[in-house]
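Peer 1: Below are the C-alpha cells for one structure; questions will follow.
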Amino acid sequence: MNKTNFINSVAEKAGLSKTDAKKAVDAFVETVSNELKAGGKVALLGFGTFSVTEKSARKGINPQTKETIEIAARKSVKFKAGTELSESIQ
C-alpha cells in the first residue's frame, strides 16, 4: 500500500474527503517526525511505539573492492508493534 492508497483508505473509513484525509495523514507524519527529531518517542496504545536509536560507528567492507571502510555513527528510527497490532496479524 502506498501513500495514495493509504489516504484513500483513511478517507473511506473515516468518512472524510480525500483532501481532509491527506491533511490528517500529513499532520500525523509531521507530528511523529518532529517528535523523533526532538529526541522523544511516540507511543500509540494498541498500535506501537516509534523511537530513535543510536547506531555506533563500525567497520564494514566495500563489496566491490573488498576494502575495509569506516561506517559513521548515525541515528535510526525504530518501530515496535504493540500487542494488539501483533495479535491482529496472527
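Each chain in the C-alpha cells gets a letter, A, B and so on, in the order shown; residues start at 1 in every chain, and ligands are counted from 1 in the order they appear.
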Can you list, as a VMD selection string, every residue of chain A that DSSP puts in strand (DSSP E)?

Peer 2: chain A and resid 42 to 44 48 to 55 58 to 61 68 to 71 74 to 81

Peer 1: Would you export the selected residues with N, CA, C and O atoms as a compact mmCIF listing (two decimals), in the first residue's frame, please?

Peer 2:
# COMPACT_ATOMS: atom_id res chain seq x y z
N VAL A 42 7.06 8.33 20.27
CA VAL A 42 5.62 8.40 20.10
C VAL A 42 5.04 7.02 20.35
O VAL A 42 5.36 6.08 19.64
N ALA A 43 4.21 6.91 21.38
CA ALA A 43 3.58 5.64 21.73
C ALA A 43 2.08 5.74 21.45
O ALA A 43 1.40 6.61 22.00
N LEU A 44 1.59 4.88 20.59
CA LEU A 44 0.17 4.83 20.26
C LEU A 44 -0.38 3.52 20.83
O LEU A 44 -0.09 2.44 20.29
N GLY A 48 1.61 0.79 18.47
CA GLY A 48 3.04 0.59 18.60
C GLY A 48 3.75 1.86 19.01
O GLY A 48 3.13 2.89 19.28
N THR A 49 5.08 1.77 19.06
CA THR A 49 5.91 2.88 19.52
C THR A 49 6.99 3.18 18.49
O THR A 49 7.70 2.28 18.03
N PHE A 50 7.10 4.47 18.14
CA PHE A 50 8.18 4.95 17.28
C PHE A 50 9.24 5.56 18.19
O PHE A 50 8.92 6.33 19.09
N SER A 51 10.50 5.22 17.96
CA SER A 51 11.58 5.80 18.76
C SER A 51 12.84 5.91 17.89
O SER A 51 12.89 5.39 16.78
N VAL A 52 13.84 6.61 18.44
CA VAL A 52 15.10 6.79 17.73
C VAL A 52 16.18 6.00 18.47
O VAL A 52 16.25 6.06 19.70
N THR A 53 16.98 5.26 17.73
CA THR A 53 18.09 4.53 18.34
C THR A 53 19.40 5.06 17.76
O THR A 53 19.43 5.55 16.63
N GLU A 54 20.44 4.96 18.53
CA GLU A 54 21.77 5.38 18.10
C GLU A 54 22.54 4.15 17.61
O GLU A 54 22.60 3.14 18.30
N LYS A 55 23.09 4.25 16.42
CA LYS A 55 23.95 3.18 15.90
C LYS A 55 25.38 3.69 15.95
O LYS A 55 25.68 4.74 15.38
N ARG A 58 31.22 1.82 13.01
CA ARG A 58 31.73 0.45 12.88
C ARG A 58 32.51 0.32 11.59
O ARG A 58 32.47 1.19 10.74
N LYS A 59 33.21 -0.78 11.48
CA LYS A 59 33.96 -1.06 10.26
C LYS A 59 33.11 -1.97 9.38
O LYS A 59 32.41 -2.85 9.85
N GLY A 60 33.19 -1.71 8.06
CA GLY A 60 32.47 -2.52 7.09
C GLY A 60 33.39 -2.85 5.94
O GLY A 60 34.56 -2.47 5.92
N ILE A 61 32.86 -3.58 4.97
CA ILE A 61 33.65 -3.98 3.80
C ILE A 61 32.91 -3.54 2.55
O ILE A 61 31.72 -3.82 2.38
N THR A 68 38.29 -2.40 3.49
CA THR A 68 37.68 -2.07 4.76
C THR A 68 37.37 -0.57 4.78
O THR A 68 38.21 0.25 4.43
N ILE A 69 36.14 -0.25 5.19
CA ILE A 69 35.73 1.15 5.28
C ILE A 69 35.17 1.43 6.67
O ILE A 69 34.77 0.51 7.39
N GLU A 70 35.15 2.70 7.03
CA GLU A 70 34.60 3.13 8.31
C GLU A 70 33.17 3.61 8.07
O GLU A 70 32.94 4.50 7.25
N ILE A 71 32.21 3.03 8.77
CA ILE A 71 30.82 3.44 8.67
C ILE A 71 30.53 4.36 9.85
O ILE A 71 30.73 3.98 11.01
N ARG A 74 25.25 6.89 13.42
CA ARG A 74 24.05 7.54 12.91
C ARG A 74 22.87 7.22 13.81
O ARG A 74 22.95 6.35 14.69
N LYS A 75 21.79 7.91 13.57
CA LYS A 75 20.55 7.65 14.28
C LYS A 75 19.62 6.91 13.34
O LYS A 75 19.64 7.11 12.13
N SER A 76 18.78 6.04 13.92
CA SER A 76 17.86 5.24 13.12
C SER A 76 16.49 5.24 13.79
O SER A 76 16.39 5.27 15.01
N VAL A 77 15.44 5.19 12.99
CA VAL A 77 14.08 5.14 13.53
C VAL A 77 13.70 3.68 13.75
O VAL A 77 13.95 2.82 12.91
N LYS A 78 13.11 3.43 14.91
CA LYS A 78 12.70 2.07 15.27
C LYS A 78 11.19 2.08 15.52
O LYS A 78 10.66 3.03 16.09
N PHE A 79 10.50 1.03 15.08
CA PHE A 79 9.09 0.87 15.37
C PHE A 79 8.90 -0.47 16.05
O PHE A 79 9.35 -1.50 15.55
N LYS A 80 8.27 -0.45 17.20
CA LYS A 80 7.96 -1.69 17.91
C LYS A 80 6.45 -1.82 17.95
O LYS A 80 5.74 -0.97 18.50
N ALA A 81 5.93 -2.86 17.32
CA ALA A 81 4.49 -3.07 17.24
C ALA A 81 3.91 -3.35 18.62
O ALA A 81 4.52 -4.03 19.44

Peer 1: Rounded to one decimal, what separation in Å do you get between atom CA of A:Leu45 and atom CA of A:Asn8?

Peer 2: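 Interatomic distance here is 23.7 Å.
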
Peer 1: Using only C-alpha atoms, which residues sit within 12 Å of A:Asp26 once same-chain residues fewer than 6 positions away are excluded, as a PyMOL selection string?

Peer 2: chain A and resi 3-4+6-7+10+18-20+32-33

Peer 1: Could you go through stretch 6-44 of chain A and tell me which residues DSSP, when run on the backbone, assigns to alpha helix (DSSP H), listing them as a VMD selection string?

Peer 2: chain A and resid 6 to 14 18 to 37

Peer 1: To one decimal in Å, tell me the separation between atom CA of A:Leu85 and atom CA of A:Gly15.

Peer 2: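 Distance between the two atoms: 22.9 Å.
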